[in-house]
Structure formats: structure tokens, C-alpha cells
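> What follows is a structure written as C-alpha cells; I'll ask about it next.
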Number of protein chains: 2
Amino acid sequence: MEYQAPERDAYFLLFDLFRAGEIWSAIPAFADFSEDLIRAVLAEGGRLASEVITPTNQLGDQQGCVWQDGLVTTPPEFKPAFNELTAGGWLGLAGNPDFGGQGMPKMLACLVEEMLWAANTSLYLYGTLTVGASLCIDAHGTQAQKSTYLPRLYSGQWTGAMALTEAHAGTDLGIMRTKAEPQADDSYRITGTKIFITGGEHDLTENIVHLVLAKLPDAPAGTKGISLFIVPKYLVREDGSLGERNGFASGSIEHKMGIRGSATSVINYDGATGYLLGEPNQGLAAMFTMMNYERLSVGIQGLGAGELAYQQAAAYARDRLQGRSPTGPQNAAGVADSLLVHPDVRRMLMTQRAFAEGGRAFALYVGLQLDVAKYSPDDGERRKAQALSELLTPVAKAFLSDRGFEGAVMAQQVFGGHGYIQEWGAEQIVRDTRIAQIYEGTNGVQALDLIGRKVLSNGGSTLRQFVDDMAQSEVLEEFQADLNEAYDRLVRTTASVTERARQDPNLPGAVSTDYLDLLGLTVYAWLWARMAACAPNDDFGQSKKLTARFFFARLLPRTLALEKSIAADTSALMDFVGDQF
Amino acid sequence: MEYQAPERDAYFLLFDLFRAGEIWSAIPAFADFSEDLIRAVLAEGGRLASEVITPTNQLGDQQGCVWQDGLVTTPPEFKPAFNELTAGGWLGLAGNPDFGGQGMPKMLACLVEEMLWAANTSLYLYGTLTVGASLCIDAHGTQAQKSTYLPRLYSGQWTGAMALTEAHAGTDLGIMRTKAEPQADDSYRITGTKIFITGGEHDLTENIVHLVLAKLPDAPAGTKGISLFIVPKYLVREDGSLGERNGFASGSIEHKMGIRGSATSVINYDGATGYLLGEPNQGLAAMFTMMNYERLSVGIQGLGAGELAYQQAAAYARDRLQGRSPTGPQNAAGVADSLLVHPDVRRMLMTQRAFAEGGRAFALYVGLQLDVAKYSPDDGERRKAQALSELLTPVAKAFLSDRGFEGAVMAQQVFGGHGYIQEWGAEQIVRDTRIAQIYEGTNGVQALDLIGRKVLSNGGSTLRQFVDDMAQSEVLEEFQADLNEAYDRLVRTTASVTERARQDPNLPGAVSTDYLDLLGLTVYAWLWARMAACAPNDDFGQSKKLTARFFFARLLPRTLALEKSIAADTSALMDFVGDQF
């Protein structure tokens, strides 16, 4: 597989659509980052992704990880590629400059992440968990913890892992059993078994920093009794050098549908030494610093996969000669025309493209909110951006990964039979992408988070405010009427759900997934209409406008179905008694 | 994985919905088949599927097929299971009684096929190709060819394979290069390389009967110059015993996303001996006898997979304790409630169920048309059923397989992280089912066949006739208004497409996939409204009615989006120039 980082689109989104230069110049922390610097970073990230990391992607899938006696060997090509990734400082791109991070905008990091996900999802999983762990320690750690861990995570000398799930406790973390017993030296003894631990054991780095959720002896029941601990694979001496092996090990790794180069371990903590991160019993909230980062990142995984799959399918469709155009031969000298003459093939490619480019704009918009929420000098702006990022994070995780999977499956379809065999790579993208809809909270859980905590909890006011803000944007006139209709549909549906949820506690869960899709499509429509308005007068800009037109004509209509489906009451769902399933 | 054949639903569909007993008693060929006999056949088929074949399903995926020196070894559990399948005569169930077939109705065969697909897709592929080959030989063979091949295919002593695709010629068979040179003894020398040959080489049976498309020396260009040949792996002596090895071999097998127990070969025909089947240059039409059978069968593959996946997901949801009901604890003594209390989980399960049961009714309806078209003593009935089966075959192939994949992916989602690891089997169903959307003509090709050859070719009159017939049915009053609206939408859309296609040759291909989905959903709605009307007053009937209600409330609304999407003109699709992709 080949992969070209979408640099042209990245520049367009940053500088034409979102005018990032203006935004950053108003943020002291970013004022020194020139447009030239940003372009140089993206170009170098793109080179790394396409030239160094992409060549390891299919090899990693074929070889997988090997577990023996508690140790995991990653595919042999991974280590040199990971070393080059970390040597460039890419895991510290948006990290805290006080501890060795580069303090660059999240918007930029989103673009680089997309490239790394696309280049090799399995390999970048070791990276994204490291970035997430550093964010969590930066937000909740003591000064000493930050000094010890952050520089080594930013540099990729060590990696991170998050240990939440137990065999009986997945979405429902409140019932977890792993325990943490206080020791005389202020450390804790961690005992329990966690499953599905991505990067919990591997051979890429000298140390692995586990962030583990566990219960203190006197902890309250449920999610209010969960604390967070730093549990490094090798204990760390005061000077930062590695001490003895900590008391945990990988019991096995999973055989998975995809991401086969990413080692997913069962980890047995057998009185392992851990250090409290943040406050006792506040672990779940602290872990959510990491989870929220990972949720956006996993959405971007879907985005990268959708882009990668699109590139493969478009290249195949260009080269593959099969059949003739409905309007007569276009390649009369050849035995057949290229697949691109077939409208149904174009429908598939345009769908992938509209979701990939719309998704990139959406991911960047969420990244922009995170930047403003963290760095704006203005209190009100920070609060508003924070609320918006909270509203949109579950949408980004679920909608981007769902559309990434949809795009990957469609790309595979363009390949016909060649899409089903391993050789071309299309089927690997489908397998690797499928997990993004499941981990970091299933997409169903994201939808419940959206409708419950982000919409209904404030009677829909954050949502209405967001729609009001969207409606202020400059969009291409051609799309204004459809867009207004989409806003109305979203607001009307939100009001109806809010009203009906008061009478029927099952209503939010019954409509949550459809509601998330309705919101996602509406936001994409808004972004497409804005992109069309500021598209340049060149070939690139013409493609944007045509893709926007396709989105409005062929994809936005899905909102009609969603509104109608959401309007149904819950009886057909809930009247079914358990035995009938 | 466990699997229970859906016998209760099968009886309901046969005897309550379609009143098969009455239909069969009017068909002389079926008059002897009592309801008791049919029930006994289904019960025995269900036992075979769940007890004998299902246990080989995951093992086959894990072990795959092994190629060495032109020979293929199937997973070791396959041979005894295949022997039991063939010993029961199941491959001759609907076969010609003059040559050892049992002559039973296609409706019954559809139900048995679903069970066999669900039990082990890879294993049953060896069977379905055998049934398809026997159909083709029965329709186009000489008396001698029938006598030689049919009894041995019906008994499963030999299997069948179809060889169409070449590396450069997939959907576009007209450009194939394999040649057939006439020999003095009326045989032909077949030379060329075919790819993607399912069951082209394996170790389950002593002989394999290839049906190969090739070109005679003086053949016209394109699809009008293709002939069909019987090319057995071992030549057959006059007494039916096996002679020398024929001149072809498997060059390799594919490494595929799924159906890993099914060997997909590259076959090199190196002057192999072949025998013309049917008329010279009429091979594609003759092969379509097999293809049309396989298309319905592959649709049923999707149906079986959707049912199997649903059963796994429902069982997991029942047992898995996670979280609490929105209305308060339902299992207060346990650490959590079962997944079934969550409306979003129910939404996924009900979607799978509505598509599986709706799909079963649809497959049987198509099977009924095939029975009437073949066996009815009434000319007019035969012609009408033939037209209807031709209209609905592409829908059955594509819509059943698309919904099967959708259901399998949703079932995997119900499992959460456990759906992504191999242990539980949910991910295997997704991988195995994906191919059904691709082979036997991609689903995009089915949609083009539907809109071009079956709808536009007669100005939409077959379609309108079908809608008029549907509108005569007795349905549950509750659904009548929505159903009328769905009929109107389909007729209105058909008229619009017919009209616009006259001006724009790209229009049919631009809307074909959406149109097929619109038709599929409308037919399912009709069947659900009929099923609800004749559902018995018991627990089973109550489930049917609730599922019908769910279908109308939550799934039929997709037709709103499809109508709107189909209404778009083709400019956004076709104005994109090739380089812009």
C-alpha cells in the first residue's frame, strides 16, 4: 500500500477555512508559530508517515505479535520505524514545554495524528497511548511525577498504557475488583487482572508506564470508589534510571480481527507497586483526561483509515480497465474503460471522499476548541470552547470511526474480488478500522454520553447555542436552504427528544445512536458549505465544491430517515421481553 | 459458536404466510410432499447443521486450507462433515428426479441452504457450487452429460466449480482470453488461467467438475463469443469410472479476509480436455443458469450469517451483566443488569432480527417464484413468476447480503471488545460474510442489473405490476398507511428514474444502489405487514408483531433518504474529472 499525506487539504483547512494563523496570533502560547513552521512540520510528518511508517503496515499485519513467557515481540520492522517516530519528537508535539514537550497546537497534532494512524494503525497505537498517558500525568501528577515521566514519554523513551477493563467489567467500570493497598512508603500494592490492555507489554521501549484503575480498601461502591495509579513496568530510581522489574506481567495476548501488530495483553498485577495519580477515589475523572484525548484520537484513527482506503480505491479505479462508459467508450484504444467511468463506482469514491474531507474538517474544529479551551487568554472563550469540545468529543469518536469503517468497506468494494484478498491491503484496512468503533467506549456509549451528559443534562441549551453559532457562518449560497433545513431538523429533534425523555426514561437510549448521526451529518453539512465558500479558484477548489455538492445531494438526505426513526416511541423496543430475543 | 436452525420461523413462513401446502397441492410435481414430510426434512436439516456442521466452523477458520504442489488440503474436520452432508442427499434436494435428485421445492431448499450457510459458510461453498453446476448441466447438457454428471453431483461424490474470472477480466467477462480448440474427437483443448476459483481444487471428493468459460477460435468479440465447457479434474470413462488426470492444476490459493476453509484457487488450464455444454458462443447465457442460482444462494449466505450473528449476540446480551436499566435495577441481586435492559442494545438486536426474519420471508418468496416458474401447470403463472424471479434475484443477492453484513457488524458491536477477538466467533462471521457482497457479481453489478435489465428495459412495467400485486395482500391494518406511502414512493421514484434516464445515460448507474435498497426495504415492509397479519396468538406471534412494528418505525424510514438521494442529478458525480479522484 502507498499513502500520501493530505497536506494540501491540511493547509486549506488550517489557513483558509479556520484561519488558524489569526487564531494563534491571539494566543500567547502559540504566537511564535509561523505559518512556515507549521507547513514544515506537516511536510516532515507527511514524509515520515508515507516513507518510513507506511512500508511497515502490511508486514505488521502479516507477522503479528508473538507472546512467549510473558514477553511480547512486535513485528521486526516496528522497532526501527518507532525509533524514527520518537526521535523526531512527534509524541511530544503538543506536550507541555516545561517538561520537554513542544507545546504546539492540538489542531496541528490532529493532522499529524491522522497521518500516523493512516500509515500504520497498529504501530501508532503505541504512540497515541503514550501521548494520552502524558496528558493525564501532566493534568493530575505531582511535580515529581511530571519530572520523572513526562520527558521520557514525550521522547518515546518509555510508552504509556491504560488499564481499565476487567473480564467482567467493561463499559461498567464501577464493578471492577482490582485492589490497591496502601504501603508504609506511600506507594500502593496493586493486585488484580486487567484485560484488553493495548501496548501493556511489548519490546519497543525499555519501560512501559501503566495507568491503572483500582479500588482502595475503604473505597465507596461503584464509580465513586475508583482511584488511578502509575504502575511502571520497571520501577524508577530517584535519578530516573530503571530499577527492578515491577510485579506484573502479560498473561497472554489476544488473537484479533485486526491491528495485529498491536499487542493486546491480559495483565496480571500481582502486588505490583503503584503510585497514586491525582486524588483518592477520583480516578475515573482523572482517567477521563486520557480517555477524552483518546476518544478524539480514535475518531481520527477512523478518519486516517478512511483517507488511506480512499486513496487505495481511487488508484485502483483509475488503473483497472473494466467495462465501458454508459455514454460510450472513453478509452477506445484499450480493451475497456477505467472503473472511473462507472457512476456507481464514482458514488462509492465520492462518498468516501466526502466523509474523509468532511471528517478532517470536523476533527480540526474539535482540535481548535481544545486549543482555545486550554490556551485562550479570555475566560469566556475558554469556557465556551470547553463546553463545545465536551459536546463534540463523543461525536468525533463515534461518527468519525463509523464513517471511517463505512469508507473502508466501500473502498474494499471498489476493488471487487481483489478487495477480499490480503495482497492489496483493502481488507486489512477494514479489519484494522473496525476496532475504532469498539474501544475507548463503544460508539453506543459515545451516543449515550452525547445525549445524556451533553445534551439532555442542560435541556439542549449547549446544542442550541452551537446551532446558533453555526448559523452565523459564511457559506456558499447554493447550500443555504438545505443547511437551514438541517439546522431546523436538528433543533426540532432535540426539542422533541428533550420533551419525550421526561416521560420515558428509555427514550434517550432508544434514539441515542440515530441522534448522534443526525448531529454528525448536520455538522459535516455546515463544514462542507463553509469549505465550498472559501475554496480557491483552482482544481483543488473545484473538487471541494463538487464534493460539497455531492454531500448535500447524496449524503445529507440520511437526516430525513434519522428524524423519522427518532420520532418513534420506545414500545417496539422495550415491549419485547428478554426471552423473546 | 452454537447455532439453532430457525425451524419455528420456517414453518410459520411456509405454512402460515405463504400457504405452501395449498400451492404445492396444485403443482403435480409436488403433490406427494406432505406437510409432515417437509417438517421432517427441515428438522433433519436443522440437526445436521447445528450438530454436525456448526462444530467445524471456527476450526476451519483457524486452520484454513493448505496448498502444496498443486494440491489443496482442507481443514481436517471438513471431510467427515461434508461426507455426512452428502450422505443425506442434501445436495440433490431440489435436483432432477430422473437423475437421482429428490425434486423437492426450491422454497424448502432455500430454508435448508440458509441452515448450511449459517453452520459453516466455507464448508457449504463446496456444496452450493455443486448444486449450481448440476442445475446448469441439467438445463443445458446432453442426455449423456446428465447421466454421467448429475447423479454424482447430487450425491456429492463429485463437486462442481465455476471458472469465469481472469486476472484482467472480472465483471467484464467479454475481454477474457482463455481459449478452446476443437479436437477430432469432439472434445476441446482448454488453455488459459482463471482466478478466484472457489473449490477449484480440494481434497473432499474424488473428482471436481469445472464449468469453464472460454473462447472458440472463430468466436465473435465480447460476451457474444463465449462458450461453456465441462472440464473434469479426472476424465470420466464411459462406465463412469475415473480415467486419467486432466491437464489443469491449482497454481496457488488466495489468502483471504475470511471463508478461510474454502480454497480459492488460481487454475492453470494447460490444454485440458473439455466438453461443450450447450451451444457454441452461448456460454454466458448458459452459465447464468448457474449464476442466477448462485446469486439467490449467496443472498441466502448473507441471511444465514445474519441469523447466526443475531443468535450469538442475543445470547451474549442475555448473559452479560453490565450497567443498570434506565428505569432502575432489574437484577438487584446481581452486580449489574443484563445488556438486554439497554435500549441501544435492543435497537441493535431488533435491527438484526428484523432483517434476518424479513430476509427469510423474502428469500422464500423468491424461491416460491422459482418453483412456480418451473413447475406450475399454468403457462401464464409460469411466465409471471419467471419475470418476478428475474426482477427479484439481483435484489435477493445484494439486499440480503448487505443486510447480512450489516447484521453481522451490529452483532459484533453488541459483544464490545469481545467481538473483536477470535475466541467468540463474532468477528469471523463479519469476515466470512463480507465476501457475499462481492462475489457472484458485486452488489453494484446486481443493482445495475436490476435497474437496467429488469426495470428500465420494460419502462418499469414489471415493477409496477409487482407493486399492484403487493397492494392486494392482506396486511395488519396498523401498517397499511405506511405501506401505501412506501408503495407510492417506490412507484414515484421508478417513474422519475425512467423519465430522467432517457436524457442522461449516467443516471441509472448513479442511482442504482440506492434504488435497489429502496425496493428491498419496500418488499420487506410488505412482507412484515403480511407476517404481522397472520402471526399466531402466542409468544412467537407477539414477537413477530413487535418486530414488524420496529421495522416500520425504525428501518423503513431509510426510504425517505433514498428517495431524496435518488432525486439528485448526476452532475456532482460526473463533473469530477478522473485526475481529481
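We label chains A, B, ... in the order they appear in the C-alpha cells, count residues from 1 in each chain, and number ligands from 1 in the order shown.
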If we count only C-alpha atoms, what is near Ile208 in chain A at a cut-off of 8 Å, once residues fewer than 3 positions away on the same chain are taken out, given as a PyMOL selection string?

chain A and resi 158-161+200-201+205+232-234

> May I ask you to extract the residues of chain B within 6 Å of chain A, using only C-alpha atoms, and to give them as an MDAnalysis selection string?

chainID B and resid 172 255:257 314 322:323 326 343:344 416 420:422 438 505:506 509:510 546 549:550 553:554 557:558 560:561 565 568 572 581

> Considering only C-alpha atoms, state which residue in the set B:Arg189, B:Arg492, B:Lys146, B:Arg403 is at the smallest distance from Phe99 in chain B.

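Of B:Arg189, B:Arg492, B:Lys146, B:Arg403, the one nearest Phe99 in chain B is B:Lys146, counting only C-alpha atoms.
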
> At a cut-off of 10 Å, using only C-alpha atoms, what residues contact range 297-302 of chain B? Leave out same-chain residues fewer than 3 positions from it and give the result as an MDAnalysis selection string.

chainID B and resid 109:111 113:118 120:121 124:125 128:129 132 291:294 305:308 356 359:360 362:364 393:408 429 432:440

> Would you please give, as a list of chain:residue names, all residues of range 272-486 of chain B that DSSP assigns to strand (DSSP E or B) based on the backbone?

B:Ala272, B:Thr273, B:Gly274, B:Tyr275, B:Leu276, B:Leu321, B:Ser338, B:Ile421

> Residues of the last selection are to be written out with C-alpha atoms, as a compact mmCIF listing (two decimals), in the first residue's frame.


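Final output, result.txt:
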# COMPACT_ATOMS: atom_id res chain seq x y z
CA ALA B 272 -7.08 -29.52 -20.61
CA THR B 273 -9.79 -31.65 -22.15
CA GLY B 274 -13.21 -30.03 -22.11
CA TYR B 275 -16.67 -30.84 -23.46
CA LEU B 276 -19.00 -28.22 -24.84
CA LEU B 321 -24.17 -8.24 33.16
CA SER B 338 -28.05 -7.84 31.61
CA ILE B 421 -11.18 -11.20 19.35

> Neighbouring residues of Thr198 in chain A were defined as those with any atom within 7 Å, considering only C-alpha atoms; residues of the same chain fewer than 3 positions away were excluded. Please report them as a ChimeraX atom specification.

/A:161,262-265

> Env of Tyr11 in chain A: 10 Å cut, atoms = only C-alpha atoms, seq-sep filter 2 positions within chain, self excluded. Answer as a ChimeraX atom specification.

/A:6-9,13-20,35,38-39,42,111

> Restricted to C-alpha atoms, what would the selected residues look like written as a PDB file, in the first residue's frame?


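Output saved as out19.pdb:
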ATOM      1  CA  PRO A   6      -3.167  15.026   2.614  1.00  0.00           C
ATOM      2  CA  GLU A   7      -1.010  18.115   3.026  1.00  0.00           C
ATOM      3  CA  ARG A   8      -2.817  20.309   0.523  1.00  0.00           C
ATOM      4  CA  ASP A   9      -6.113  19.750   2.304  1.00  0.00           C
ATOM      5  CA  LEU A  13      -8.352  23.703   6.404  1.00  0.00           C
ATOM      6  CA  LEU A  14      -5.868  25.402   8.691  1.00  0.00           C
ATOM      7  CA  PHE A  15      -5.310  28.605   6.832  1.00  0.00           C
ATOM      8  CA  ASP A  16      -8.323  29.128   4.532  1.00  0.00           C
ATOM      9  CA  LEU A  17     -11.182  27.570   6.440  1.00  0.00           C
ATOM     10  CA  PHE A  18     -10.252  28.084  10.088  1.00  0.00           C
ATOM     11  CA  ARG A  19      -7.780  30.958   9.659  1.00  0.00           C
ATOM     12  CA  ALA A  20      -5.583  29.347  12.253  1.00  0.00           C
ATOM     13  CA  GLU A  35       2.772  29.533   9.034  1.00  0.00           C
ATOM     14  CA  ILE A  38       3.580  24.757  10.594  1.00  0.00           C
ATOM     15  CA  ARG A  39       3.949  23.847   6.946  1.00  0.00           C
ATOM     16  CA  LEU A  42       3.306  18.942   8.334  1.00  0.00           C
ATOM     17  CA  LEU A 111      -3.355  16.461  11.382  1.00  0.00           C
TER      18      LEU A 111
END

> Need the shell around range 382-389 of chain B: protein/DNA/RNA residues with any atom at most 12 Å away, counting only C-alpha atoms. Skip same-chain ones fewer than 5 positions apart. Format as a ChimeraX atom specification?

/B:27,292-293,295-296,362-377,394-397,450,453-455,458,461-467,469-470

> Mind dumping the selected residues with N, CA and C atoms as a short mmCIF file (atom, residue, chain, number, x, y, z; two decimals), in the first residue's frame?


data_model
loop_
_atom_site.label_atom_id
_atom_site.label_comp_id
_atom_site.auth_asym_id
_atom_site.auth_seq_id
_atom_site.Cartn_x
_atom_site.Cartn_y
_atom_site.Cartn_z
N ILE B 27 -49.54 -28.21 -7.73
CA ILE B 27 -48.42 -28.49 -8.64
C ILE B 27 -48.18 -30.00 -8.63
N ASN B 292 -27.52 -17.42 -11.67
CA ASN B 292 -28.74 -16.97 -11.03
C ASN B 292 -29.06 -17.80 -9.80
N TYR B 293 -28.80 -19.10 -9.93
CA TYR B 293 -28.95 -19.93 -8.74
C TYR B 293 -28.01 -19.45 -7.66
N ARG B 295 -26.66 -16.62 -7.24
CA ARG B 295 -26.96 -15.28 -6.71
C ARG B 295 -27.99 -15.34 -5.60
N LEU B 296 -29.05 -16.09 -5.81
CA LEU B 296 -30.00 -16.26 -4.72
C LEU B 296 -29.31 -16.95 -3.54
N PHE B 362 -38.35 -13.01 2.43
CA PHE B 362 -38.06 -12.56 1.06
C PHE B 362 -37.42 -13.69 0.24
N ALA B 363 -36.45 -14.37 0.83
CA ALA B 363 -35.79 -15.46 0.12
C ALA B 363 -36.80 -16.54 -0.26
N LEU B 364 -37.70 -16.83 0.67
CA LEU B 364 -38.71 -17.85 0.38
C LEU B 364 -39.67 -17.39 -0.71
N TYR B 365 -39.95 -16.12 -0.71
CA TYR B 365 -40.84 -15.59 -1.75
C TYR B 365 -40.19 -15.75 -3.12
N VAL B 366 -38.89 -15.48 -3.21
CA VAL B 366 -38.19 -15.67 -4.49
C VAL B 366 -38.15 -17.17 -4.83
N GLY B 367 -37.90 -18.00 -3.83
CA GLY B 367 -37.92 -19.44 -4.05
C GLY B 367 -39.27 -19.91 -4.58
N LEU B 368 -40.33 -19.35 -4.04
CA LEU B 368 -41.69 -19.67 -4.49
C LEU B 368 -41.87 -19.34 -5.98
N GLN B 369 -41.35 -18.18 -6.37
CA GLN B 369 -41.46 -17.80 -7.79
C GLN B 369 -40.71 -18.79 -8.67
N LEU B 370 -39.54 -19.23 -8.20
CA LEU B 370 -38.77 -20.19 -8.98
C LEU B 370 -39.51 -21.52 -9.11
N ASP B 371 -40.17 -21.93 -8.02
CA ASP B 371 -40.96 -23.16 -8.08
C ASP B 371 -42.11 -23.03 -9.08
N VAL B 372 -42.83 -21.94 -8.98
CA VAL B 372 -43.99 -21.76 -9.87
C VAL B 372 -43.52 -21.64 -11.32
N ALA B 373 -42.42 -20.90 -11.52
CA ALA B 373 -41.91 -20.71 -12.88
C ALA B 373 -41.50 -22.04 -13.51
N LYS B 374 -41.02 -22.96 -12.68
CA LYS B 374 -40.52 -24.22 -13.21
C LYS B 374 -41.61 -25.29 -13.31
N TYR B 375 -42.52 -25.28 -12.34
CA TYR B 375 -43.40 -26.44 -12.21
C TYR B 375 -44.89 -26.18 -12.40
N SER B 376 -45.32 -24.93 -12.42
CA SER B 376 -46.76 -24.70 -12.50
C SER B 376 -47.32 -25.24 -13.81
N PRO B 377 -48.50 -25.86 -13.74
CA PRO B 377 -49.12 -26.33 -15.00
C PRO B 377 -49.69 -25.17 -15.82
N PRO B 394 -31.53 -10.15 -8.43
CA PRO B 394 -30.46 -9.22 -8.02
C PRO B 394 -30.73 -8.57 -6.67
N VAL B 395 -31.99 -8.32 -6.37
CA VAL B 395 -32.31 -7.73 -5.06
C VAL B 395 -31.98 -8.73 -3.95
N ALA B 396 -32.35 -9.99 -4.19
CA ALA B 396 -32.07 -11.01 -3.18
C ALA B 396 -30.57 -11.13 -2.94
N LYS B 397 -29.79 -11.17 -4.02
CA LYS B 397 -28.34 -11.31 -3.86
C LYS B 397 -27.78 -10.12 -3.08
N LEU B 450 -30.57 -4.89 -11.94
CA LEU B 450 -31.95 -4.58 -11.55
C LEU B 450 -32.49 -3.39 -12.33
N ARG B 453 -31.67 -4.02 -16.71
CA ARG B 453 -32.31 -5.13 -17.42
C ARG B 453 -33.70 -5.45 -16.91
N LYS B 454 -33.96 -5.16 -15.63
CA LYS B 454 -35.21 -5.63 -15.05
C LYS B 454 -36.27 -4.52 -14.91
N VAL B 455 -35.83 -3.29 -14.78
CA VAL B 455 -36.79 -2.20 -14.58
C VAL B 455 -36.88 -1.31 -15.83
N ASN B 458 -38.18 -2.48 -19.51
CA ASN B 458 -39.61 -2.55 -19.87
C ASN B 458 -40.37 -1.34 -19.34
N SER B 461 -42.61 -1.54 -16.16
CA SER B 461 -43.92 -2.20 -16.07
C SER B 461 -43.90 -3.44 -15.17
N THR B 462 -42.82 -4.23 -15.19
CA THR B 462 -42.73 -5.39 -14.28
C THR B 462 -42.80 -4.92 -12.83
N LEU B 463 -42.10 -3.83 -12.58
CA LEU B 463 -42.08 -3.30 -11.23
C LEU B 463 -43.48 -2.83 -10.80
N ARG B 464 -44.13 -2.11 -11.70
CA ARG B 464 -45.47 -1.61 -11.33
C ARG B 464 -46.45 -2.76 -11.11
N GLN B 465 -46.33 -3.77 -11.94
CA GLN B 465 -47.18 -4.95 -11.78
C GLN B 465 -46.95 -5.61 -10.42
N PHE B 466 -45.69 -5.68 -10.05
CA PHE B 466 -45.35 -6.28 -8.75
C PHE B 466 -45.94 -5.44 -7.62
N VAL B 467 -45.83 -4.13 -7.72
CA VAL B 467 -46.39 -3.28 -6.67
C VAL B 467 -47.91 -3.45 -6.61
N ASP B 469 -49.58 -6.07 -7.34
CA ASP B 469 -49.83 -7.35 -6.69
C ASP B 469 -49.62 -7.26 -5.18
N MET B 470 -48.53 -6.60 -4.79
CA MET B 470 -48.28 -6.46 -3.35
C MET B 470 -49.46 -5.77 -2.67
#

> From range 360-489 of chain B, collect each residue whose DSSP state is helix (DSSP H, G or I) and return the set as an MDAnalysis selection string.

chainID B and resid 360:375 379:414 416:419 422:424 426:437 443:458 461:470 477:489

> If we count only C-alpha atoms, what is near Asn281 in chain B at a cut-off of 6 Å, once residues fewer than 6 positions away on the same chain are taken out, given as a list in words?

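Listed by chain and then number, they are Lys224, Gly225, Ile226 and Ser227 of chain B.
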
> Store the residues picked out above in a file with N, CA and C atoms, as a compact mmCIF listing (two decimals), in the first residue's frame.


# COMPACT_ATOMS: atom_id res chain seq x y z
N LYS B 224 -20.57 -12.11 -26.66
CA LYS B 224 -21.27 -12.99 -27.59
C LYS B 224 -20.37 -14.09 -28.12
N GLY B 225 -19.12 -14.09 -27.71
CA GLY B 225 -18.19 -15.10 -28.21
C GLY B 225 -17.66 -16.00 -27.12
N ILE B 226 -18.47 -16.25 -26.13
CA ILE B 226 -18.03 -17.06 -25.00
C ILE B 226 -18.80 -18.38 -24.99
N SER B 227 -18.07 -19.47 -24.84
CA SER B 227 -18.72 -20.79 -24.77
C SER B 227 -18.42 -21.42 -23.41

> In Å, with one decimal, what is the gap from CA of Val52 in chain B to CA of Ala411 in chain B?

23.9 Å
